[in-house]
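Engineer: run.txt is reproduced in full below (compact mmCIF, C-alpha atoms).
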```txt
# COMPACT_ATOMS: atom_id res chain seq x y z
CA MET X 1 124.94 73.97 115.69
CA ASN X 2 128.09 72.65 117.33
CA LEU X 3 131.02 71.84 115.06
CA GLU X 4 133.03 69.97 117.69
CA SER X 5 131.80 66.61 116.44
CA SER X 6 131.12 64.99 113.08
CA VAL X 7 128.49 62.64 111.64
CA SER X 8 129.95 59.25 110.68
CA VAL X 9 130.32 58.82 106.90
CA PRO X 10 131.60 56.03 104.59
CA SER X 11 135.33 55.69 103.87
CA VAL X 12 136.30 57.36 100.58
CA GLN X 13 139.25 54.99 100.26
CA GLU X 14 136.89 52.00 100.34
CA LEU X 15 134.72 53.70 97.72
CA ALA X 16 137.76 54.31 95.49
CA PHE X 17 138.83 50.64 95.82
CA GLN X 18 135.59 49.69 94.04
CA ARG X 19 136.76 51.76 91.02
CA PRO X 20 133.39 53.44 90.32
CA GLU X 21 132.99 55.08 86.91
CA LYS X 22 131.02 57.94 88.41
CA VAL X 23 131.22 59.83 91.68
CA PRO X 24 128.31 59.22 94.11
CA PRO X 25 125.95 62.26 94.27
CA ARG X 26 126.94 63.25 97.81
CA TYR X 27 130.45 64.14 96.63
CA VAL X 28 129.43 65.95 93.43
CA ARG X 29 129.74 69.71 93.76
CA ASP X 30 128.98 70.91 90.22
CA GLU X 31 125.34 69.93 89.73
CA ASP X 32 124.34 73.59 89.33
CA GLY X 33 126.30 73.67 86.09
CA ASP X 34 129.17 75.48 87.79
CA ASP X 35 132.61 74.06 87.24
CA VAL X 36 133.75 72.93 90.71
CA ILE X 37 137.19 74.31 89.94
CA GLY X 38 135.49 77.76 89.71
CA PRO X 39 134.37 80.38 90.43
CA TYR X 40 138.05 81.38 90.31
CA PRO X 41 140.44 80.19 87.62
CA SER X 42 143.83 78.70 88.51
CA ASP X 43 146.97 80.57 87.52
CA PRO X 44 149.99 78.37 86.68
CA SER X 45 152.29 81.42 86.38
CA LEU X 46 152.03 82.28 90.11
CA ARG X 47 154.39 80.69 92.63
CA VAL X 48 153.94 80.55 96.41
CA PRO X 49 156.88 82.44 98.04
CA LEU X 50 159.89 80.50 99.33
CA ILE X 51 161.45 81.43 102.69
CA ASP X 52 164.82 80.10 103.86
CA MET X 53 165.10 79.76 107.64
CA ALA X 54 168.92 79.61 107.36
CA LYS X 55 168.88 83.10 105.81
CA LEU X 56 166.62 84.43 108.57
CA VAL X 57 169.09 83.19 111.19
CA ASN X 58 172.21 84.43 109.38
CA ALA X 59 173.10 88.05 110.30
CA ASP X 60 174.30 88.85 106.73
CA THR X 61 171.07 87.77 105.02
CA HIS X 62 168.58 88.30 107.87
CA GLN X 63 167.20 91.72 106.89
CA LEU X 64 166.53 90.84 103.26
CA GLU X 65 164.88 87.50 104.15
CA LEU X 66 162.79 89.18 106.86
CA GLN X 67 161.48 91.61 104.23
CA LYS X 68 160.60 88.62 102.00
CA LEU X 69 158.79 87.04 104.96
CA LEU X 70 156.80 90.24 105.56
CA LEU X 71 155.70 90.36 101.90
CA ALA X 72 154.83 86.64 101.93
CA CYS X 73 152.65 87.00 105.05
CA ARG X 74 151.04 90.27 103.91
CA ASP X 75 150.44 89.53 100.22
CA TRP X 76 149.96 85.75 100.31
CA GLY X 77 149.47 84.50 103.86
CA VAL X 78 151.44 81.39 102.88
CA PHE X 79 155.00 80.39 102.04
CA GLN X 80 157.15 77.30 101.63
CA LEU X 81 159.85 77.01 104.30
CA VAL X 82 163.21 75.33 103.67
CA ASN X 83 166.18 74.70 106.00
CA HIS X 84 163.67 74.63 108.86
CA GLY X 85 165.59 72.23 111.08
CA VAL X 86 163.27 69.20 110.97
CA SER X 87 165.48 66.32 109.88
CA ASN X 88 164.84 64.49 106.66
CA THR X 89 164.61 61.30 108.72
CA SER X 90 161.79 62.70 110.88
CA ILE X 91 159.89 63.82 107.77
CA LYS X 92 160.36 60.54 105.87
CA ASN X 93 159.44 58.44 108.93
CA MET X 94 156.26 60.44 109.49
CA GLU X 95 155.24 60.20 105.82
CA ASN X 96 155.90 56.46 105.89
CA GLN X 97 153.80 55.87 109.02
CA VAL X 98 150.84 57.84 107.61
CA ARG X 99 151.01 55.88 104.37
CA ARG X 100 151.16 52.60 106.27
CA PHE X 101 148.21 53.58 108.48
CA PHE X 102 145.97 54.31 105.47
CA GLU X 103 147.07 51.04 103.83
CA LEU X 104 145.63 49.05 106.77
CA PRO X 105 142.32 47.18 106.36
CA LEU X 106 139.28 49.33 107.14
CA GLN X 107 138.43 47.41 110.33
CA GLU X 108 141.91 48.04 111.70
CA LYS X 109 141.69 51.79 110.95
CA LYS X 110 138.24 51.88 112.58
CA ARG X 111 139.84 50.99 115.91
CA SER X 112 140.78 54.69 115.92
CA ALA X 113 137.35 55.87 114.70
CA GLN X 114 135.92 59.18 115.92
CA ARG X 115 133.77 58.88 119.03
CA SER X 116 130.45 60.66 119.42
CA GLY X 117 130.89 64.34 120.35
CA SER X 118 134.49 64.65 119.16
CA LEU X 119 136.40 65.43 115.95
CA GLU X 120 139.38 63.37 117.09
CA GLY X 121 140.16 60.06 115.46
CA TYR X 122 139.65 58.45 112.05
CA GLY X 123 136.78 59.74 109.87
CA GLN X 124 135.85 63.15 108.41
CA ALA X 125 135.54 66.58 110.02
CA PHE X 126 132.67 69.10 110.10
CA VAL X 127 129.98 66.78 108.73
CA THR X 128 126.90 68.07 110.53
CA SER X 129 123.99 66.53 108.60
CA GLU X 130 123.04 63.42 106.64
CA ASP X 131 122.53 65.34 103.38
CA GLN X 132 125.62 67.57 103.52
CA LYS X 133 128.04 67.45 100.57
CA LEU X 134 131.18 65.46 101.40
CA ASP X 135 134.89 65.99 100.78
CA TRP X 136 136.84 63.38 98.82
CA ASN X 137 139.16 62.40 101.66
CA ASP X 138 139.61 60.25 104.73
CA MET X 139 141.53 61.59 107.69
CA ILE X 140 142.79 60.86 111.16
CA PHE X 141 142.95 63.83 113.53
CA LEU X 142 144.92 63.63 116.79
CA LYS X 143 145.76 66.14 119.52
CA CYS X 144 149.51 65.77 120.11
CA LEU X 145 150.78 68.51 122.42
CA PRO X 146 150.66 69.20 125.30
CA ILE X 147 150.93 65.54 126.28
CA GLN X 148 147.92 65.73 128.62
CA ASN X 149 145.67 66.52 125.61
CA ARG X 150 146.37 63.16 124.00
CA LYS X 151 143.60 60.59 123.80
CA LEU X 152 145.85 57.59 123.45
CA ASP X 153 142.92 55.22 122.92
CA LEU X 154 142.56 56.90 119.50
CA TRP X 155 146.29 56.73 118.66
CA PRO X 156 146.85 53.78 116.32
CA GLN X 157 148.93 50.93 117.73
CA ASN X 158 149.33 49.68 114.19
CA PRO X 159 151.66 50.39 112.40
CA PRO X 160 153.84 49.65 115.46
CA GLU X 161 156.08 52.74 115.19
CA PHE X 162 153.19 55.16 114.51
CA ARG X 163 152.86 56.58 118.03
CA GLU X 164 156.56 57.08 118.64
CA THR X 165 157.06 58.69 115.20
CA LEU X 166 154.11 61.06 115.67
CA GLU X 167 155.34 62.04 119.14
CA ARG X 168 158.81 62.91 117.81
CA TYR X 169 157.44 64.70 114.74
CA SER X 170 155.06 66.88 116.82
CA GLU X 171 157.98 67.95 119.04
CA ASP X 172 160.07 68.81 115.95
CA ILE X 173 157.19 70.86 114.54
CA ARG X 174 156.81 72.74 117.83
CA GLU X 175 160.46 73.87 117.60
CA VAL X 176 159.98 75.11 114.00
CA THR X 177 156.78 76.92 115.01
CA ILE X 178 158.44 78.80 117.87
CA ALA X 179 161.34 79.77 115.58
CA ILE X 180 159.23 80.95 112.61
CA MET X 181 156.78 82.76 114.92
CA LYS X 182 159.71 84.72 116.34
CA PHE X 183 160.47 85.99 112.83
CA ILE X 184 156.80 86.56 111.93
CA THR X 185 156.35 88.82 114.99
CA MET X 186 159.69 90.50 114.20
CA SER X 187 158.48 91.22 110.65
CA LEU X 188 155.50 93.06 112.22
CA GLU X 189 158.08 95.11 114.20
CA LEU X 190 156.77 93.67 117.46
CA GLN X 191 159.61 93.55 119.98
CA ASP X 192 157.52 91.41 122.30
CA THR X 193 158.71 87.76 122.36
CA GLN X 194 155.64 86.83 124.41
CA ILE X 195 153.66 85.86 121.28
CA SER X 196 156.27 83.46 119.86
CA GLU X 197 157.06 82.08 123.33
CA SER X 198 153.35 81.37 123.93
CA PHE X 199 153.66 78.69 121.24
CA ARG X 200 156.04 76.80 123.55
CA GLU X 201 153.06 76.11 125.83
CA GLY X 202 150.69 75.97 122.87
CA LEU X 203 148.48 73.28 121.34
CA TYR X 204 149.55 71.14 118.40
CA ASP X 205 146.80 69.17 116.67
CA ILE X 206 147.73 67.00 113.68
CA ARG X 207 145.41 66.00 110.85
CA MET X 208 146.66 63.32 108.45
CA ASN X 209 144.78 63.25 105.14
CA CYS X 210 144.36 60.62 102.45
CA TYR X 211 142.99 61.79 99.09
CA PRO X 212 142.20 58.63 97.06
CA PRO X 213 142.15 58.65 93.24
CA CYS X 214 138.81 59.87 91.88
CA PRO X 215 137.09 58.90 88.60
CA GLU X 216 135.77 62.47 88.08
CA PRO X 217 138.25 64.76 89.87
CA GLU X 218 136.81 67.88 88.24
CA ARG X 219 133.47 67.31 90.03
CA VAL X 220 134.70 66.94 93.63
CA LEU X 221 136.93 68.64 96.18
CA GLY X 222 139.40 66.98 98.52
CA ILE X 223 138.71 69.74 101.04
CA VAL X 224 136.39 72.70 100.49
CA PRO X 225 137.81 76.24 100.53
CA HIS X 226 138.45 77.41 104.10
CA ALA X 227 140.84 79.41 106.25
CA ASP X 228 142.39 77.92 109.42
CA ASN X 229 141.43 78.99 112.95
CA SER X 230 144.99 78.29 114.15
CA GLY X 231 147.88 80.62 114.95
CA ILE X 232 149.79 79.16 112.03
CA THR X 233 149.49 75.86 110.16
CA LEU X 234 152.42 73.72 109.00
CA LEU X 235 151.74 71.26 106.19
CA LEU X 236 153.86 68.43 104.88
CA ASP X 237 152.89 67.37 101.36
CA CYS X 238 153.75 63.70 100.86
CA ALA X 239 153.21 63.74 97.08
CA ASP X 240 155.31 64.69 94.06
CA PHE X 241 152.32 66.39 92.39
CA SER X 242 150.24 69.36 93.50
CA GLY X 243 146.85 69.07 95.20
CA LEU X 244 146.91 72.01 97.61
CA GLN X 245 145.74 75.39 96.28
CA PHE X 246 145.66 78.87 97.81
CA LEU X 247 143.47 81.76 96.69
CA LYS X 248 145.55 84.75 95.58
CA ASP X 249 144.00 87.80 93.88
CA GLN X 250 140.87 85.76 93.02
CA LYS X 251 142.95 82.98 91.41
CA TRP X 252 143.72 79.48 92.71
CA VAL X 253 147.45 78.86 92.88
CA ASN X 254 148.91 75.35 93.04
CA VAL X 255 151.51 74.67 95.71
CA GLU X 256 154.15 72.70 93.85
CA PRO X 257 155.71 70.25 96.34
CA ILE X 258 159.39 70.90 97.14
CA GLU X 259 161.29 67.96 98.62
CA GLY X 260 161.69 68.48 102.38
CA ALA X 261 159.89 71.87 102.47
CA ILE X 262 157.08 72.68 104.91
CA VAL X 263 154.15 74.80 103.74
CA VAL X 264 153.38 77.46 106.36
CA ASN X 265 150.16 79.45 106.30
CA ILE X 266 148.86 82.20 108.56
CA GLY X 267 145.88 81.22 110.71
CA GLN X 268 143.06 83.44 111.90
CA ILE X 269 144.63 83.99 115.35
CA ILE X 270 147.65 85.71 113.75
CA GLU X 271 145.35 87.63 111.40
CA VAL X 272 143.64 89.02 114.52
CA VAL X 273 146.94 89.62 116.40
CA SER X 274 148.33 91.48 113.37
CA ASN X 275 145.09 93.53 113.23
CA GLY X 276 144.50 92.32 109.69
CA ILE X 277 147.97 93.18 108.30
CA TYR X 278 148.59 89.48 107.75
CA LYS X 279 145.73 87.46 106.27
CA ALA X 280 144.66 83.87 106.89
CA PRO X 281 144.30 82.72 103.27
CA GLU X 282 141.53 80.62 101.77
CA HIS X 283 142.83 77.26 100.57
CA ARG X 284 141.47 73.94 99.37
CA ALA X 285 142.56 70.52 98.11
CA VAL X 286 141.82 69.13 94.65
CA VAL X 287 142.21 65.46 93.75
CA ASN X 288 143.80 63.37 91.04
CA LYS X 289 142.26 60.80 88.68
CA TRP X 290 145.06 58.26 88.99
CA LYS X 291 147.11 58.97 92.10
CA GLU X 292 146.51 58.89 95.84
CA ARG X 293 147.89 61.85 97.82
CA PHE X 294 148.70 62.18 101.52
CA SER X 295 149.33 65.28 103.61
CA ILE X 296 150.22 65.89 107.27
CA VAL X 297 148.81 69.11 108.67
CA THR X 298 149.75 70.57 112.06
CA PHE X 299 147.47 73.25 113.49
CA CYS X 300 149.63 75.30 115.89
CA TYR X 301 147.95 77.37 118.60
CA PRO X 302 149.39 79.72 121.23
CA SER X 303 149.04 78.94 124.93
CA PRO X 304 145.41 78.89 126.15
CA ASP X 305 146.51 81.62 128.62
CA MET X 306 147.07 84.10 125.77
CA ASN X 307 144.18 86.46 124.97
CA ILE X 308 143.41 86.82 121.27
CA GLY X 309 143.23 90.38 120.02
CA PRO X 310 145.32 92.93 118.09
CA ALA X 311 148.83 93.44 119.52
CA ASP X 312 148.93 96.68 121.54
CA GLN X 313 151.76 98.12 119.39
CA LEU X 314 149.61 97.79 116.25
CA ILE X 315 146.69 99.89 117.51
CA GLY X 316 146.44 103.43 118.88
CA GLU X 317 148.07 106.58 117.45
CA GLY X 318 145.49 106.72 114.68
CA LYS X 319 145.52 102.97 114.01
CA VAL X 320 142.04 101.61 114.64
CA ALA X 321 141.53 98.13 116.06
CA VAL X 322 139.73 96.03 113.44
CA TYR X 323 139.25 93.08 115.79
CA LYS X 324 137.96 92.82 119.34
CA LYS X 325 139.92 91.13 122.12
CA PHE X 326 138.81 87.68 123.32
CA THR X 327 139.95 85.12 125.82
CA ASN X 328 141.11 81.89 124.28
CA ALA X 329 137.92 80.16 125.47
CA GLU X 330 135.68 82.87 123.93
CA TYR X 331 137.52 82.61 120.60
CA PHE X 332 136.99 78.84 120.33
CA SER X 333 133.42 79.01 121.60
CA LYS X 334 132.60 81.42 118.76
CA PHE X 335 134.34 79.16 116.24
CA PHE X 336 132.59 75.93 117.23
CA ASN X 337 129.14 77.43 117.86
CA ARG X 338 128.58 79.14 114.52
CA LYS X 339 126.83 78.16 111.31
CA LEU X 340 129.19 76.43 108.89
CA ASP X 341 128.58 79.06 106.20
CA GLN X 342 129.02 82.00 108.59
CA SER X 343 132.21 84.09 108.33
CA PHE X 344 134.13 83.43 111.53
CA LEU X 345 136.39 86.49 111.20
CA ASP X 346 133.42 88.81 110.71
CA MET X 347 132.17 87.67 114.12
CA LEU X 348 135.45 88.84 115.67
CA LYS X 349 135.41 92.33 114.13
CA TYR X 350 134.12 95.59 115.51
CA ASP X 351 131.08 96.81 113.60
CA GLN X 352 132.61 99.25 111.16
```
Go through the file and emit its structure as structure tokens.
Structural biologist:
Amino acid sequence: MNLESSVSVPSVQELAFQRPEKVPPRYVRDEDGDDVIGPYPSDPSLRVPLIDMAKLVNADTHQLELQKLLLACRDWGVFQLVNHGVSNTSIKNMENQVRRFFELPLQEKKRSAQRSGSLEGYGQAFVTSEDQKLDWNDMIFLKCLPIQNRKLDLWPQNPPEFRETLERYSEDIREVTIAIMKFITMSLELQDTQISESFREGLYDIRMNCYPPCPEPERVLGIVPHADNSGITLLLDCADFSGLQFLKDQKWVNVEPIEGAIVVNIGQIIEVVSNGIYKAPEHRAVVNKWKERFSIVTFCYPSPDMNIGPADQLIGEGKVAVYKKFTNAEYFSKFFNRKLDQSFLDMLKYDQ
């Protein structure tokens, strides 16, 4: 099975416009009698850690904030980042363009529809069969950086400022990624700046999600639980209510949106580079009965020239390598040519 393309499926937004009383069977995930919100309960008392980039940069507060970053990456694999340097204007413009795109008539959005053999464009990802359960979302997925990766025929020309806004936003996100990666590697006590610098020549793919209102939100998922295959992932939540959840100690924890904050989570590449010290966390999206929610997710990858394996300083002297070393091409080949229910990280490990 190859996961680099997706079967075409109906628009969830169009379905929601019809205001059905019940969810169509293909979206229902609790027919076995299991509550879809299970098997893990949610825990409202837990809060995703908050990291302040300004404190990481400031010499007086650097050490304490770096320790907080280490604990966030080790114990959670996710944190909310404030004072990150992306202007409020860039964030608001991007949110506005995404909203305006999803407000367009279906035929207009379909001008950016996914082509056969590719995940890029408007549609849904990782749908591999006609009877597979579906997520309650519509999305548009675009490769943004480096520039030569762009398929501009899929980039919407409507709304008129969409392309320019996305271009500027992806460049802003690249700067944040390089900066936060510098501190993530520092928190692992890696003196090597090669890892963070490899994100300068890295890949930045952006997925914009629309989660329409759902008549039976407890029976569906916006996105099924998964971990990201990226280096790190930066998410902008465009709502004032939670929909994103991370699994922590067998409990789902809501990420409460903070105005202007970016949610950063560790991807599987950094889990491998850290030799398992930092974990790529499982996360999912739940949906709301009355409100539509949008999110803008940037998957940030190091340069294709970088091999993916545990950092040399983290193995040897009694520290055993948990993961094998792969070229970038081998890593992605394994990811895209696996069964959807197969653990990707287990395929990267040495047999213990």
Engineer: For Lys319 (chain X), list every protein, DNA or RNA residue within 12 Å, evaluated using all atoms listed in the file, and leave out those in the same chain fewer than 2 positions away; present the list as a list of chain:residue names.
Structural biologist: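 Answer for this query is X:Ser274, X:Asn275, X:Gly276, X:Ile277, X:Pro310, X:Ala311, X:Asp312, X:Gln313, X:Leu314, X:Ile315, X:Gly316, X:Glu317, X:Ala321, X:Val322, X:Tyr323.
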Engineer: Please measure the separation of CA of Gln148 (chain X) and CA of Leu203 (chain X), giving the value in Å to one decimal.
Structural biologist: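 Between CA of Gln148 (chain X) and CA of Leu203 (chain X) the gap works out to 10.5 Å.
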Engineer: For Glu65 (chain X), which residue out of X:Ile184, X:Leu15, X:Val287, X:Ile140 is the nearest one, using all atoms listed in the file?
Structural biologist: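 Under the stated criterion, the closest residue is X:Ile184.
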Engineer: Taking all atoms listed in the file into account, which of X:Val12, X:Met53, X:Val28, X:Leu152 comes nearest Gly123 (chain X)?
Structural biologist: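 The shortest atom-to-atom distance to Gly123 (chain X) comes from X:Val12.
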Engineer: If I take CA of Phe199 (chain X) and CA of Tyr301 (chain X), how far is one from the other in Å, to one decimal?
Structural biologist: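 Here the two named atoms are 6.4 Å from each other.
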